[in-house]
$ cat query18.cif   # mmCIF, C-alpha atoms
data_data
loop_
_atom_site.label_atom_id
_atom_site.label_comp_id
_atom_site.auth_asym_id
_atom_site.auth_seq_id
_atom_site.Cartn_x
_atom_site.Cartn_y
_atom_site.Cartn_z
CA MET A 247 110.11 141.96 82.07
CA LYS A 248 108.73 139.08 84.14
CA LYS A 249 105.87 138.77 81.67
CA ILE A 250 108.14 138.34 78.66
CA VAL A 251 110.42 135.86 80.40
CA SER A 252 107.39 133.83 81.51
CA ILE A 253 105.95 133.83 78.00
CA ILE A 254 109.25 132.75 76.48
CA LEU A 255 109.70 129.99 79.05
CA VAL A 256 106.18 128.65 78.43
CA LEU A 257 106.62 128.78 74.65
CA THR A 258 110.02 127.12 74.91
CA LEU A 259 108.55 124.38 77.05
CA CYS A 260 105.70 123.86 74.59
CA LEU A 261 108.06 123.78 71.61
CA GLY A 262 110.47 121.57 73.51
CA LEU A 263 107.77 119.01 74.27
CA THR A 264 107.34 118.39 70.56
CA SER A 265 111.08 118.00 70.00
CA ALA A 266 113.07 114.81 70.25
CA MET A 267 114.02 113.58 73.71
CA ALA A 268 117.70 114.35 73.01
CA ASP A 269 116.95 118.06 72.55
CA THR A 270 118.04 120.47 75.24
CA MET A 271 116.58 123.85 76.12
CA GLY A 272 118.23 127.01 77.41
CA LEU A 273 117.49 130.64 78.15
CA GLY A 274 119.83 133.61 77.93
CA MET A 275 119.45 137.33 78.62
CA ILE A 276 121.81 140.24 77.99
CA SER A 277 121.06 143.77 79.15
CA SER A 278 122.72 146.88 77.81
CA ILE A 279 122.40 150.47 78.96
CA SER A 280 122.53 153.45 76.64
CA ALA A 281 123.06 156.87 78.12
CA SER A 282 123.69 160.43 77.07
CA SER A 283 125.22 163.03 79.34
CA ALA A 284 123.21 165.99 80.59
CA THR A 285 124.41 169.49 79.79
CA THR A 286 123.26 172.89 80.97
CA GLU A 287 121.27 173.12 77.71
CA LYS A 288 119.52 169.75 77.81
CA ASP A 289 118.85 166.73 79.97
CA GLY A 290 120.69 163.48 79.49
CA SER A 291 118.96 160.14 79.34
CA ILE A 292 119.27 156.50 80.30
CA GLN A 293 117.59 153.51 78.68
CA VAL A 294 117.93 149.75 79.21
CA ASN A 295 117.46 147.04 76.57
CA THR A 296 117.29 143.38 77.56
CA SER A 297 117.64 140.81 74.79
CA VAL A 298 116.04 137.47 75.67
CA VAL A 299 116.64 134.24 73.74
CA ALA A 300 115.13 130.82 74.37
CA VAL A 301 116.64 128.01 72.34
CA THR A 302 116.23 124.28 71.84
CA LEU A 303 119.30 122.44 70.55
CA ASP A 304 119.15 119.01 68.92
CA ALA A 305 121.54 116.14 69.66
CA ASP A 306 124.06 117.60 67.18
CA GLY A 307 124.00 121.02 68.86
CA LYS A 308 121.99 122.60 66.04
CA ILE A 309 119.20 125.05 66.75
CA ALA A 310 115.85 123.26 66.56
CA THR A 311 113.70 126.12 67.89
CA ILE A 312 114.52 129.68 68.85
CA LEU A 313 112.53 132.58 70.25
CA ILE A 314 114.00 136.08 70.41
CA ASP A 315 112.61 139.23 71.98
CA VAL A 316 113.85 142.52 73.40
CA GLN A 317 112.40 144.43 76.33
CA GLN A 318 113.17 148.16 76.24
CA SER A 319 112.72 150.48 79.21
CA PRO A 320 111.28 153.94 78.73
CA LYS A 321 113.88 156.69 78.30
CA ILE A 322 114.59 158.31 81.63
CA ALA A 323 115.61 161.96 81.42
CA VAL A 324 118.29 163.00 83.93
CA THR A 325 119.36 166.57 84.76
CA VAL A 326 122.96 167.75 84.96
CA ALA A 327 122.53 167.55 88.78
CA GLY A 328 121.75 163.83 88.45
CA GLU A 329 118.06 164.13 89.23
CA VAL A 330 115.36 162.32 87.29
CA ALA A 331 113.73 165.07 85.26
CA ASP A 332 111.18 163.10 83.33
CA MET A 333 110.27 159.51 82.73
CA ALA A 334 108.34 158.67 79.62
CA GLU A 335 105.14 156.76 80.18
CA ALA A 336 106.03 153.10 80.12
CA ASP A 337 104.72 150.83 77.41
CA GLY A 338 105.27 147.41 78.95
CA ARG A 339 105.12 145.57 75.64
CA SER A 340 108.27 143.97 74.28
CA LYS A 341 109.57 144.91 70.84
CA MET A 342 108.00 141.77 69.35
CA GLU A 343 104.67 142.55 71.03
CA LYS A 344 104.70 146.10 69.64
CA GLY A 345 104.76 144.85 66.06
CA ASP A 346 104.04 147.78 63.71
CA ASP A 347 103.71 150.12 66.70
CA TYR A 348 107.50 149.97 67.09
CA ALA A 349 107.59 152.07 63.90
CA MET A 350 110.96 151.04 62.52
CA ARG A 351 109.85 150.18 58.99
CA ALA A 352 110.54 153.65 57.55
CA ALA A 353 114.10 153.65 58.90
CA SER A 354 114.81 150.05 57.86
CA PRO A 355 117.05 149.67 54.80
CA ILE A 356 115.04 146.55 53.86
CA GLY A 357 111.63 148.06 54.63
CA LYS A 358 110.83 145.57 57.40
CA GLU A 359 109.52 146.20 60.90
CA LEU A 360 111.65 145.00 63.81
CA ASN A 361 109.39 142.05 64.63
CA GLU A 362 109.55 140.90 60.99
CA GLN A 363 113.34 141.07 61.09
CA ILE A 364 113.48 139.04 64.30
CA VAL A 365 111.22 136.37 62.76
CA ALA A 366 113.53 136.27 59.70
CA LEU A 367 116.55 135.93 62.02
CA GLN A 368 114.87 133.12 63.96
CA ASP A 369 114.06 131.28 60.72
CA TRP A 370 117.64 131.73 59.45
CA CYS A 371 119.09 130.29 62.69
CA ILE A 372 117.18 126.99 62.49
CA GLY A 373 119.44 124.07 61.62
CA LYS A 374 122.68 125.90 62.42
CA THR A 375 124.92 125.69 65.46
CA VAL A 376 125.28 128.81 67.59
CA GLU A 377 128.87 129.08 66.36
CA GLU A 378 127.70 129.00 62.72
CA VAL A 379 125.07 131.66 63.41
CA VAL A 380 127.53 134.03 65.06
CA ALA A 381 130.32 133.44 62.53
CA ASN A 382 128.22 133.66 59.36
CA PHE A 383 125.45 136.17 60.01
CA ALA A 384 127.32 139.30 58.87
CA THR A 385 128.36 137.78 55.53
CA ASP A 386 125.34 135.61 54.69
CA ALA A 387 123.21 137.17 51.94
CA ASP A 388 120.03 135.42 53.09
CA ALA A 389 120.52 136.59 56.67
CA GLN A 390 121.17 140.18 55.59
CA ALA A 391 118.18 140.17 53.23
CA GLY A 392 115.87 139.47 56.17
CA CYS A 393 117.52 141.14 59.13
CA THR A 394 119.63 144.30 59.39
CA ILE A 395 119.15 145.10 63.08
CA THR A 396 122.07 145.12 65.51
CA VAL A 397 122.40 141.57 66.81
CA ASP A 398 125.34 141.72 69.26
CA ASP A 399 123.20 141.47 72.42
CA ILE A 400 120.88 138.94 70.78
CA PHE A 401 123.86 136.73 69.91
CA GLY A 402 125.23 137.17 73.42
CA ALA A 403 121.89 136.00 74.81
CA LEU A 404 121.86 133.14 72.28
CA SER A 405 125.31 132.04 73.44
CA GLU A 406 124.13 132.16 77.08
CA ALA A 407 121.00 130.20 76.16
CA ALA A 408 123.05 127.52 74.41
CA ALA A 409 125.47 127.30 77.35
CA SER A 410 122.57 126.83 79.76
CA ALA A 411 120.79 124.26 77.57
CA LYS A 412 120.13 121.11 79.58
#
$ encode --input "query18.cif" --output "structure tokens"
Amino acid sequence: MKKIVSIILVLTLCLGLTSAMADTMGLGMISSISASSATTEKDGSIQVNTSVVAVTLDADGKIATILIDVQQSPKIAVTVAGEVADMAEADGRSKMEKGDDYAMRAASPIGKELNEQIVALQDWCIGKTVEEVVANFATDADAQAGCTITVDDIFGALSEAAASAK
């Protein structure tokens, strides 16, 4: 997690240095936990996803640069007694770093891997305000043609990033 945040901060700084002096930069992160209950027949599980967004806003509050990534913990199996039964071997790479190894393409209704969809989302966000992004994403044909992943946590992190932009 520290690695991805550091990379995003460095990239944001580098991108920000090439932006106009009026531009502001911010970083936002939203974590969500998914869990399933254990039963006598099978273990439950817990997994954490952290969406990270670094953004540069221009003087008009429009997105000049944006970097999005998601860090996903390994699934942790938990017994009905609340004990950790098994913890999958951790792959410390973020979803963007995994690229084709994330293996979402076959399940994607648009045939794109997760990292490709995030790049399409980033490209679609450029030139829009955060409010425009959040309000229009679900109904914009161009946005939906490039990105069909769940974006709630990403947009939450984007809103935090914009609020922290200084």
$ resolve_selection --input "query18.cif" --expression "the PyMOL selection byres ((chain A and resi 326) around 12)" --output "VMD selection string"
chain A and resid 282 to 291 323 to 325 327 to 331
$ residues_around --input "query18.cif" --residues "A:Thr296" --least-positions-apart "5" --cutoff "6 Å" --atoms "only C-alpha atoms" --output "list in words"
Ile276, Ser277, Val316 and Gln317 of chain A
$ closest_residue --input "query18.cif" --among "A:Asp337, A:Asp315, A:Glu362, A:Asp347" --to "A:Ala391" --atoms "all atoms listed in the file"
A:Glu362
$ closest_residue --input "query18.cif" --among "A:Lys358, A:Ser405, A:Asp398, A:Thr311" --to "A:Asn295" --atoms "all atoms listed in the file"
A:Asp398
$ closest_residue --input "query18.cif" --among "A:Gly274, A:Pro320, A:Gly307, A:Pro355" --to "A:Glu335" --atoms "only C-alpha atoms"
A:Pro320
